[in-house]
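Trainee: Take a look at the following structure, please.
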Amino acid sequence: MKNLYYTVLIVDTMKFINVYYIEDNQPKLLIEIEAYTNTYAEDEIQWWLDNNGHGDDAYELEQL
């Protein structure tokens, strides 16, 4: 299982989700997602993973 970490910034009706992985003890940005505030961040991240060639891998998501 791979670990991914994310942050969420909410501005009005939008949320900005940054997803990171750790490489050489440093955080590396994997993706930036823009979504409406009425959706769950983890659902948005999983949708992106599934639709961008990462759907077969198992991930542990942790909000920072």
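Every chain in the structure tokens takes a letter, A first, then B, and so on in the order presented; its residues are numbered from 1, and the ligands are numbered from 1 following the presented order.
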Pick out the residues sitting within 10 Å of region 37-46 of chain A, and hand them over as a VMD selection string; count only C-alpha atoms, and ignore anything fewer than 2 positions along from it in its own chain.
Mentor: chain A and resid 4 6 to 19 31 to 35 48 to 52 54 to 55 59 61 to 63
Trainee: May I have the selected residues written with N, CA, C and O atoms, as a tab-separated table (two decimals), in the first residue's frame?
Mentor:
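selection_25.tsv, written as the output of this step:
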```
chain	number	residue	atom	x	y	z
A	4	LEU	N	-0.35	8.47	0.37
A	4	LEU	CA	-0.50	9.78	-0.25
A	4	LEU	C	-1.00	10.74	0.82
A	4	LEU	O	-1.78	10.35	1.68
A	6	TYR	N	-2.55	14.79	1.56
A	6	TYR	CA	-3.22	15.87	0.84
A	6	TYR	C	-3.56	17.02	1.77
A	6	TYR	O	-3.70	16.86	2.98
A	7	THR	N	-3.66	18.19	1.14
A	7	THR	CA	-4.11	19.39	1.83
A	7	THR	C	-5.34	19.91	1.09
A	7	THR	O	-5.50	19.66	-0.11
A	8	VAL	N	-6.20	20.62	1.81
A	8	VAL	CA	-7.41	21.18	1.22
A	8	VAL	C	-7.50	22.65	1.60
A	8	VAL	O	-7.40	23.00	2.77
A	9	LEU	N	-7.67	23.50	0.60
A	9	LEU	CA	-7.91	24.92	0.80
A	9	LEU	C	-9.29	25.23	0.24
A	9	LEU	O	-9.57	24.93	-0.93
A	10	ILE	N	-10.17	25.80	1.06
A	10	ILE	CA	-11.53	26.13	0.61
A	10	ILE	C	-11.64	27.63	0.40
A	10	ILE	O	-11.30	28.42	1.29
A	11	VAL	N	-12.09	28.00	-0.80
A	11	VAL	CA	-12.32	29.40	-1.15
A	11	VAL	C	-13.72	29.49	-1.77
A	11	VAL	O	-13.95	28.95	-2.85
A	12	ASP	N	-14.62	30.14	-1.03
A	12	ASP	CA	-16.02	30.27	-1.45
A	12	ASP	C	-16.63	28.89	-1.70
A	12	ASP	O	-16.69	28.08	-0.81
A	13	THR	N	-17.04	28.59	-2.94
A	13	THR	CA	-17.68	27.31	-3.23
A	13	THR	C	-16.72	26.30	-3.85
A	13	THR	O	-17.14	25.25	-4.30
A	14	MET	N	-15.43	26.63	-3.87
A	14	MET	CA	-14.44	25.73	-4.47
A	14	MET	C	-13.47	25.23	-3.41
A	14	MET	O	-13.20	25.91	-2.43
A	15	LYS	N	-12.94	24.05	-3.64
A	15	LYS	CA	-11.86	23.54	-2.80
A	15	LYS	C	-10.70	23.17	-3.71
A	15	LYS	O	-10.90	22.70	-4.84
A	16	PHE	N	-9.52	23.40	-3.22
A	16	PHE	CA	-8.29	23.13	-3.96
A	16	PHE	C	-7.53	22.06	-3.18
A	16	PHE	O	-7.16	22.28	-2.03
A	17	ILE	N	-7.34	20.93	-3.81
A	17	ILE	CA	-6.75	19.77	-3.16
A	17	ILE	C	-5.38	19.52	-3.78
A	17	ILE	O	-5.26	19.35	-5.00
A	18	ASN	N	-4.35	19.52	-2.96
A	18	ASN	CA	-3.00	19.19	-3.40
A	18	ASN	C	-2.64	17.83	-2.83
A	18	ASN	O	-2.77	17.61	-1.62
A	19	VAL	N	-2.20	16.92	-3.69
A	19	VAL	CA	-1.87	15.56	-3.29
A	19	VAL	C	-0.37	15.35	-3.45
A	19	VAL	O	0.20	15.67	-4.50
A	31	ILE	N	-0.54	15.86	-7.80
A	31	ILE	CA	-1.63	16.47	-8.58
A	31	ILE	C	-2.27	17.59	-7.78
A	31	ILE	O	-2.28	17.57	-6.56
A	32	GLU	N	-2.80	18.56	-8.50
A	32	GLU	CA	-3.64	19.62	-7.93
A	32	GLU	C	-5.04	19.43	-8.50
A	32	GLU	O	-5.20	19.32	-9.71
A	33	ILE	N	-6.02	19.35	-7.62
A	33	ILE	CA	-7.41	19.12	-8.04
A	33	ILE	C	-8.27	20.30	-7.59
A	33	ILE	O	-8.15	20.74	-6.45
A	34	GLU	N	-9.11	20.80	-8.49
A	34	GLU	CA	-10.10	21.82	-8.14
A	34	GLU	C	-11.47	21.13	-8.12
A	34	GLU	O	-11.80	20.40	-9.05
A	35	ALA	N	-12.22	21.33	-7.05
A	35	ALA	CA	-13.53	20.68	-6.92
A	35	ALA	C	-14.48	21.62	-6.19
A	35	ALA	O	-14.06	22.57	-5.53
A	48	TRP	N	-9.58	10.73	-9.48
A	48	TRP	CA	-8.42	11.09	-10.30
A	48	TRP	C	-7.47	9.90	-10.45
A	48	TRP	O	-7.00	9.61	-11.55
A	49	LEU	N	-7.19	9.20	-9.36
A	49	LEU	CA	-6.30	8.03	-9.42
A	49	LEU	C	-6.86	6.97	-10.36
A	49	LEU	O	-6.12	6.42	-11.20
A	50	ASP	N	-8.15	6.68	-10.24
A	50	ASP	CA	-8.79	5.66	-11.07
A	50	ASP	C	-8.74	6.01	-12.56
A	50	ASP	O	-8.64	5.13	-13.41
A	51	ASN	N	-8.84	7.29	-12.88
A	51	ASN	CA	-8.92	7.73	-14.27
A	51	ASN	C	-7.60	8.20	-14.85
A	51	ASN	O	-7.57	8.72	-15.98
A	52	ASN	N	-6.52	8.01	-14.12
A	52	ASN	CA	-5.21	8.43	-14.60
A	52	ASN	C	-4.14	7.35	-14.40
A	52	ASN	O	-2.98	7.64	-14.11
A	54	HIS	N	-3.79	4.93	-12.12
A	54	HIS	CA	-3.39	4.49	-10.79
A	54	HIS	C	-4.48	3.69	-10.08
A	54	HIS	O	-4.37	3.42	-8.90
A	55	GLY	N	-5.50	3.31	-10.79
A	55	GLY	CA	-6.65	2.65	-10.18
A	55	GLY	C	-6.38	1.26	-9.64
A	55	GLY	O	-7.10	0.77	-8.79
A	59	TYR	N	-3.94	2.73	-2.07
A	59	TYR	CA	-3.38	3.91	-1.44
A	59	TYR	C	-4.00	4.15	-0.08
A	59	TYR	O	-5.19	3.91	0.12
A	61	LEU	N	-4.75	7.33	2.18
A	61	LEU	CA	-4.82	8.78	2.08
A	61	LEU	C	-4.84	9.40	3.47
A	61	LEU	O	-5.58	8.95	4.34
A	62	GLU	N	-4.02	10.43	3.65
A	62	GLU	CA	-3.96	11.11	4.94
A	62	GLU	C	-3.97	12.62	4.71
A	62	GLU	O	-3.15	13.15	3.98
A	63	GLN	N	-4.93	13.29	5.36
A	63	GLN	CA	-5.00	14.74	5.25
A	63	GLN	C	-4.00	15.38	6.20
A	63	GLN	O	-3.87	14.99	7.35
```
Trainee: Write out as a list in words the set of residues from chain A that DSSP, computed on the backbone, places in helix (DSSP H, G or I).
Mentor: Ala41, Glu42, Asp43, Glu44, Ile45, Gln46, Trp47, Trp48, Leu49 and Asp50 of chain A
Trainee: Report the distance between CA of Gln26 (chain A) and CA of Tyr5 (chain A) in Å, rounded to one decimal place.
Mentor: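 CA of Gln26 (chain A) sits 11.9 Å away from CA of Tyr5 (chain A).
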Trainee: Mind giving me the straight-line distance from CA of Asp24 (chain A) to CA of Leu64 (chain A) in Å, one decimal?
Mentor: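 Rounded to one decimal, the two atoms are 18.7 Å apart.
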